[in-house]
Structures are given as C-alpha cells and as structure tokens.
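J.: The structure is given below, and queries will be raised subsequently.
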Protein chains: 2
Amino acid sequence: MKKKITLKQIARELDVSISTVSKALSGSKEISEDTTQKIQAFAKLYNYKPNNIALSLKNRKTKTIGILIPEIVHHFFSTVIRGIEKVANRRGYNVIVGLSNESFTKEIINMELLANGSIDGFILSISKETLLKQDYHHFNATISQGIPIVMFDRVVNEVACDKVIVDDFNGALKAVNKLIENGCKNIALLTTMDYVSVGRLRTQGYLKALENHKIFANSDLILKIDDSLNVENHIEILETEIHNFLKINPTIDGIFAVNELYAVTAMKVARKLGYKIPDDIQVIGFTDGVLSKHATPSLTTVSQHGEKIGEQSANLLIDRLEANDIENDKYFIEDDSKADYIKMVIETEIIERESTK
Amino acid sequence: MKKKITLKQIARELDVSISTVSKALSGSKEISEDTTQKIQAFAKLYNYKPNNIALSLKNRKTKTIGILIPEIVHHFFSTVIRGIEKVANRRGYNVIVGLSNESFTKEIINMELLANGSIDGFILSISKETLLKQDYHHFNATISQGIPIVMFDRVVNEVACDKVIVDDFNGALKAVNKLIENGCKNIALLTTMDYVSVGRLRTQGYLKALENHKIFANSDLILKIDDSLNVENHIEILETEIHNFLKINPTIDGIFAVNELYAVTAMKVARKLGYKIPDDIQVIGFTDGVLSKHATPSLTTVSQHGEKIGEQSANLLIDRLEANDIENDKYFIEDDSKADYIKMVIETEIIERESTK
DNA sequence: TTGTAGGCGTTATCAT
DNA sequence: ATGATAACGCCTACAA
C-alpha cells in the first residue's frame, strides 16, 4: 500500500526543506536548475499530486459546486446535472450532489452540511415542500454568508440570486398556438397544482393562447392533478382521473399537458377510449424526455433544453465566484445589496413528432 | 455579509483560548460550567459550525464518497445514485459525482482528481471504452494508494475490490424461461456487442434457458446491435435494424431484449409490421425504467433493483472505510493482498406487464 | 480549569 | 539558492 506522498516526505528523502520542494515543483526560478530537476524527477516517480483538501484550506476555496435538487431519477434534473458537470469540469470545478427528495428539512440539512466549507457555491432547484411552506430563510442565510446561489427552474422572487429559468409561459403559448393552428377547437389542459410556479406559468401560457385566438377558456377543460403525494398506485390514479375527464368532455380534440407523463398517459387512455391520435385528438407535452421519444405514437413536446440550463447555471455561478475573487484581491468588498442579479431565460423549442398533425 | 465564524474569532471575542472554545463546544468537562455556557451560547448565537475542510485535513478523512459513472441521464445509473446517496447520508457521508461519459481518459482524469484527497473511497461502474481497452491500471493504482473501490454492474475480475452485480445470467434465464413457458417457440435475442460483460451474461442466460428446454439455439435469431457510437440518428438505425431482422425471421414469436430501449423499439416496429403484442409476439426487456412502465403495451421486464445496488455498494464501501479506521487505530495495517473481497449478487425480479401473456 | 504547542499539507513571505 | 515561519481551521496531548 503506497499512500500518497507529501511535500514533507519528498523533502525528507531528498534532504532539502519543504519550501524548496514546493518551489521546485511549481517551477520557481528561485531554485537552482539542479535541485529543481532532481525534485521534479523524484516527484514524478512517486506520482506526487498536491492534496486538494490542504489546498482548499489554504486558498479558502474548494473548487467544487454543490448541486441541490429534489430528485435524481428524473430526466430533466439529470440532464441539468450533465450540463453543470460539463462546464464545471471544463472550468476546473467538481460537483457534489445533494438530494432534497422534495423535503424542506432535507433541503436545509443538506444545505447546511455543504455550506460548512465543502463547496464554494450552490446550484439548486427548490423542493415542493419548500415552495408550499414559502420558507426561504435557509437560502438567504447561506447567501448572506457569502456563498452564492444560482437557482434554476423552480425559482422564487423572494431570494436575491442569479436564476436560470425555462420560458414556461411562452413554451405553453407556442404549444397551444400550434394545436389551435392545427385545427383543434376544444383544447384541454392537464396541469399540476399551482404552488409549483412552472405549472402556474404554463397554465397562463395556455390561457393566453386561447385568449389570443378569441377562444373562450372553459374551466371544465382544465384538469388539475395533485401529485404532492407520491403514492404507490400513482399511475392508476392518474389514468383513472384522465379517463373520467375525457369521458365527461367528449368534445376534446387537443390536449396540452404540463409534463410528458401526463401527456403520454393521456394518449394511452385516449386510445383505450377509441380515439385515434393525432386524427381525433392531438397531444403536446412539456419536457422532452425518453418517454416522449419512444411513446407510440411519439409525442410532440416542448423541449426545455435541460443541458443548456445546467451549462448556463454553472457559468453564472463560476463567473460570480471568480468575480468575487477579484474583488477580494482588490481588498474591497462590493456592497452586496445593490448587486444586480441575472435572470436568464432559456427559450423552449417545439419538437414535432407523431402526436400532432 | 456575515462570513462563517471560526473558533479563533469566538476565542478572541470571549477572551479565552482557542482550545477552551473547542473543548467547551464539544462539551468537555475540563471546562467550567460557566465558561462552557457562555461559549455555547455565543456559538449558537453566531451559528458556529466547524469547517468541514479543516476537519477533513485534520482527520485525514473527508466523509465523502466519489461516484464515477459513465452517464447520468440514464434511469439505471440515476437510480443507483439515489440508493448510494440515501445510505451515504444516513451514515454521515456526502456524495460527489463524476461522469466518465463512457470515455477512458475522462474516467482517469476524474479519478485522479478526486483521489487527491477529495474523497475517502469510490463507487463506480466502468466506462465502455475502458472495457474495450481492458486497461484497468488506474483502478489498481488508486486501490494501492489505500483508497477503496466498490464496483457495480460493469465490473471486472482484474481488479481486486468489492463488487455489487446484477444477476444478469439468471435474470435472462428467468425471462426466457417465462417466454418458453408462455408457449413461444422461436425466441429472438436483441443484445449488444460482447465487450460489456452484462450483455454477454444475459446472452448466456438466454442460451442456457433454450438449452434447458432442449431448444436449438438458432444464431439467426440473435441480433447484436453495435451501440458503441452514440450517433445522432441512433434510433432510426435501431428501428431499421430491428425491422429488417423481424422481416427476415417471420417465425419469431418471442423477443428477449437486454435493455428496455431495444425491447420498446422492437414492440414499436413489430406493431408497425402488423403483429399484435402479446398475441403474436411476446416481449421481455431487461431494466425496469420509465419506458417499460409507460410504453403501450406496457413492457414486462427484468428489474435490476438499481436502488438496492446503490445501497449495498454504499454499505460495502463505508463498512470497509470504517474497518480501516479501526485497523489504523490499532497501529497495524492488515496485509491487503490477502484481504478477501465481497462479490454481492443482487437478484433480479420479473415485473409482469402487458407485453407477455 | 485554562492555555500552549504541534500537526494535518500547502503556499507565501521573509530571512539567511 | 535555500530554509524557516506563519497561516488556513481544527483538535488534542501536554503544561501550567
């Protein structure tokens, strides 16, 4: 077992001082050609690499980003992580992942754990429970400790930080526009409860599209599904709800769903009821995941560009981290209260597949 | 901006020594009731929390686990992460994620980066490129540095470490048995190239099931799909390949696929060709992900219990880390060469859905 | 009961 | 050209 070698050990072996070794390895020209060579050769032989933890302590920065998301077995979130990891890696950062599991408490615990020196900044998406409680003190607390946060997707005005969001409103608008232009007269909306802002925005986009086309918004055609309890037989309940909904509203000829699961389930139920897709009913979902791509028929969706969201979030965070560096080097600290934060909006894109004409 | 407070600052404010503060906070009874109270109150007021990095440096352990996987936008891998994170958190560990993106080089870079003090041990699944190259020196190098590794799913005999694997052979065996018992006479196998061991094992299970039932294994009924290049129009190619395959072999009445994508695609293609599922062709896939659950018809699959794999991996790793602690405390180091490593096999389970009778 | 000193691994500053 | 020292934040054996 060859434990990693340290400067101290190299110094002892070569009978020089620690600082000589450090300088030689960093190529300082304070050190003579000879000793530099000798030390570098020795270091390479023993595969010396500086210890990250020691560097973190010394530099007071860890070069790692904390990601805090509600759920990881989830196409959108994992795509975002991939985007974050990509630019983080490119820019010399590591990524540490915490899962809130949609729980307020776990979000706080994770946050406090990581905030104690483990990370330089956070990229996060707020848990449902936190959104329900509307208690954001932990975010503000870590920001006021000097740890920057970038929020994505599930963001909130009450916290002053950079944000990257999907253009939910326009995405929904475009989707419903498309259904209208394709000839749909009675367009249903499948959505979630309102406390998750993205659901609300998508609903607004739906309503706006109808309004623009002077179509009366019939509240009977809006089905709000409560997914706050992730119960075991979730899918059966979902199917039943949609089934009843379609039975009661036989005039529906278009469906816009705020996520792909609702959309795919709606297609499934509709087909069981004898509807042809897209001939009798056209369907568009939000979120472009595996389900959309491989459903039969494949689903037309509003793509959120999760990877781009991750990349932008990482860039925003790292930009701010490195801007802070410079400020600190200048020995003055900007008054944070007037720092202006960026809200970046990622445009959506409609991916046309077989569920629309 | 209230930066996090340190022991030193508390000491200065309260006009005591750093060690007094440290002891008072850890509840040592060396310190008088009075000062302990005073210090603890002050610390609580300023929300003192010890700095993780400093602790890591001092204790020479980081309490974080490095996860290294080929891909994160992937149901199986993200499920495993969820399992790891769950027990890691429970046992006081954090989780840092690196993605190899199926690349040998990125796997090495990530590994070396994290091995320089950032983590106490690895949980990983080998990248395809590494499996192709059969170059495992980086794994052995980090192990010989005293950093334990637990491999899952894509494992390899050449590396001496704990392993957690799916019972691919028996999973495939059970699946094909089921097809046979359901009356299938000509069962096709949709598999990958052989270098990923799991593909090979599943193929062997398929062959064994046939053999057990004295069915001649017709190599025409085995389609090996090369997914080493993840090209853009991957799906179209896949569909075409399977389409041609089914056309050439019209007697096929059962399909076993080594992943759910192949299975779902096969169902799609078969239906386009006019087959009824499960009446004309029955289909079973490996991996129980979203696709299986929501496909039409829903897919019977072999579930790999990814979350359990993650949990077991984390437990194995942490057990070993904490066993090492004890050894070190005893001032003797076990001879690693005769350490016996555990290979844990997670049984699969067949989830019956609509694609089989 | 409290404080001092040393060390975890590194780098930077200031001697020699 | 090389080395000693201090510091990052914490803990702890040992002094006082």
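To be explicit about the labels: the chains of the structure tokens are called A, B, and onward in the order shown, and within each one the residues are counted from 1, while ligands get numbers from 1 in the order they are shown.
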Quick one: which residues from chain A are at most 7 Å off chain B, using only C-alpha atoms, as a ChimeraX atom specification?
T.: /A:1-4,49-54,57,72-73,75,78-79,82,95-97,116-118,144-146,291,295-296
J.: Could you please write out, as number ranges by chain, every residue of segment 119-355 of chain A that DSSP assigns to strand (DSSP E)?
T.: A: 121-124, 149-152, 162-166, 187-192, 222-225, 254-257, 282-286, 300-303, 343-346, 349-351
J.: Would you mind listing what lies within 8 Å of segment 2-7 of chain C as a ChimeraX atom specification, with only C-alpha atoms (C1' of nucleotides) counted and same-chain residues fewer than 5 positions away left out?
T.: /B:17,19-20,31 /D:15-16
J.: Based on the selection just made, write C-alpha atoms (C1' of nucleotides) of those residues as a PDB file, in the first residue's frame.
T.:
```
ATOM      1  CA  SER B  17      -8.047  30.490  24.206  1.00  0.00           C
ATOM      2  CA  SER B  19      -8.692  25.254  22.828  1.00  0.00           C
ATOM      3  CA  THR B  20     -11.005  26.365  25.599  1.00  0.00           C
ATOM      4  CA  ILE B  31     -14.106  23.399  31.238  1.00  0.00           C
TER       5      ILE B  31
ATOM      6  C1'  DA D  15       1.688  22.177  30.587  1.00  0.00           C
ATOM      7  C1'  DA D  16       0.658  25.467  33.826  1.00  0.00           C
TER       8       DA D  16
END
```
J.: Run DSSP on the backbone and grab whatever in segment 155-209 of chain A lands in helix (DSSP H, G or I); send it over as a PyMOL selection string.
T.: chain A and resi 168-181+197-209
J.: Report, in Å with one decimal, the straight-line distance from atom CA of Asn259 of chain B to atom CA of Val198 of chain B.
T.: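 Separation between atom CA of Asn259 of chain B and atom CA of Val198 of chain B: 10.4 Å.
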J.: Taking a cut-off of 12 Å and counting only C-alpha atoms (C1' of nucleotides), can you build a table that, for each residue of chain D near chain B, reports the nearest atom pair and how far apart they are in Å (one decimal), sorted by chain then residue number, as a Markdown table?
T.:
```
| residue | atom | partner | partner_atom | distance |
| --- | --- | --- | --- | --- |
| D:DC8 | C1' | B:Ala54 | CA | 8.3 |
| D:DG9 | C1' | B:Ala54 | CA | 5.1 |
| D:DC10 | C1' | B:Ala54 | CA | 5.7 |
| D:DC11 | C1' | B:Lys58 | CA | 7.5 |
| D:DT12 | C1' | B:Ser19 | CA | 8.7 |
| D:DA13 | C1' | B:Ser19 | CA | 11.8 |
```
J.: Restrict the selected residues to C-alpha atoms (C1' of nucleotides) and save them as a short mmCIF file (atom, residue, chain, number, x, y, z; two decimals), in the first residue's frame.
T.:
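Output (out-v4.cif):
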```
data_model
loop_
_atom_site.label_atom_id
_atom_site.label_comp_id
_atom_site.auth_asym_id
_atom_site.auth_seq_id
_atom_site.Cartn_x
_atom_site.Cartn_y
_atom_site.Cartn_z
"C1'" DC D 8 -5.68 28.40 6.59
"C1'" DG D 9 -9.38 25.98 10.95
"C1'" DC D 10 -9.49 22.39 13.87
"C1'" DC D 11 -8.28 19.13 17.55
"C1'" DT D 12 -5.67 17.26 21.44
"C1'" DA D 13 -1.75 15.85 24.35
#
```
J.: Pull the closest atom pair for each residue of chain C that gets at most 12 Å from chain A, along with the distance in Å to one decimal, counting only C-alpha atoms (C1' of nucleotides), ordering rows by chain and then ascending residue number, as a Markdown table.
T.:
```
| residue | atom | partner | partner_atom | distance |
| --- | --- | --- | --- | --- |
| C:DC8 | C1' | A:Ala54 | CA | 8.2 |
| C:DG9 | C1' | A:Ala54 | CA | 5.0 |
| C:DT10 | C1' | A:Ala54 | CA | 5.7 |
| C:DT11 | C1' | A:Lys58 | CA | 7.5 |
| C:DA12 | C1' | A:Ser19 | CA | 9.7 |
| C:DT13 | C1' | A:Ser19 | CA | 11.4 |
```
J.: One decimal, in Å: what's the spacing between atom CA of Gln304 of chain A and atom CA of Ile187 of chain A?
T.: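 Computing it gives 21.8 Å between the two atoms.
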J.: Report, in Å to a single decimal, how far apart atom CA of Asp227 of chain A and atom CA of Gly274 of chain A are.
T.: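 So the two atoms, atom CA of Gly274 of chain A and atom CA of Asp227 of chain A, lie 26.9 Å apart.
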J.: At a cut-off of 10 Å, using only C-alpha atoms (C1' of nucleotides), what residues contact DA1 of chain D? Leave out same-chain residues fewer than 2 positions from it and give the result as an mmCIF file with N, CA, C and O atoms (P, O5', C5', C4', C3', O3' and C1' of nucleotides), in the first residue's frame.
T.:
```cif
data_model
loop_
_atom_site.group_PDB
_atom_site.id
_atom_site.type_symbol
_atom_site.label_atom_id
_atom_site.label_comp_id
_atom_site.auth_asym_id
_atom_site.auth_seq_id
_atom_site.Cartn_x
_atom_site.Cartn_y
_atom_site.Cartn_z
ATOM 1 N N THR A 20 11.566 24.389 -0.329
ATOM 2 C CA THR A 20 12.343 24.180 -1.557
ATOM 3 C C THR A 20 11.597 23.248 -2.501
ATOM 4 O O THR A 20 11.488 23.511 -3.700
ATOM 5 N N LYS A 29 11.919 30.006 -10.273
ATOM 6 C CA LYS A 29 13.328 30.102 -10.691
ATOM 7 C C LYS A 29 14.203 30.574 -9.552
ATOM 8 O O LYS A 29 15.379 30.874 -9.732
ATOM 9 N N GLU A 30 13.618 30.616 -8.368
ATOM 10 C CA GLU A 30 14.446 30.832 -7.185
ATOM 11 C C GLU A 30 15.364 29.627 -6.966
ATOM 12 O O GLU A 30 16.432 29.753 -6.393
ATOM 13 N N ILE A 31 14.868 28.477 -7.406
ATOM 14 C CA ILE A 31 15.601 27.241 -7.126
ATOM 15 C C ILE A 31 16.534 26.886 -8.281
ATOM 16 O O ILE A 31 16.207 27.095 -9.448
ATOM 17 N N SER A 32 17.661 26.322 -7.930
ATOM 18 C CA SER A 32 18.678 26.022 -8.951
ATOM 19 C C SER A 32 18.188 24.942 -9.911
ATOM 20 O O SER A 32 17.373 24.093 -9.555
ATOM 21 N N GLU A 33 18.724 25.040 -11.098
ATOM 22 C CA GLU A 33 18.413 24.058 -12.139
ATOM 23 C C GLU A 33 18.526 22.643 -11.581
ATOM 24 O O GLU A 33 17.604 21.828 -11.694
ATOM 25 N N THR A 35 18.684 21.180 -8.422
ATOM 26 C CA THR A 35 17.729 20.679 -7.435
ATOM 27 C C THR A 35 16.327 20.602 -8.018
ATOM 28 O O THR A 35 15.580 19.666 -7.728
ATOM 29 P P DG D 3 17.307 23.563 1.832
ATOM 30 O "O5'" DG D 3 16.870 24.581 2.976
ATOM 31 C "C5'" DG D 3 17.874 25.337 3.644
ATOM 32 C "C4'" DG D 3 17.223 26.189 4.713
ATOM 33 C "C3'" DG D 3 16.114 25.474 5.489
ATOM 34 O "O3'" DG D 3 16.273 25.785 6.870
ATOM 35 C "C1'" DG D 3 15.277 27.495 4.551
#
```
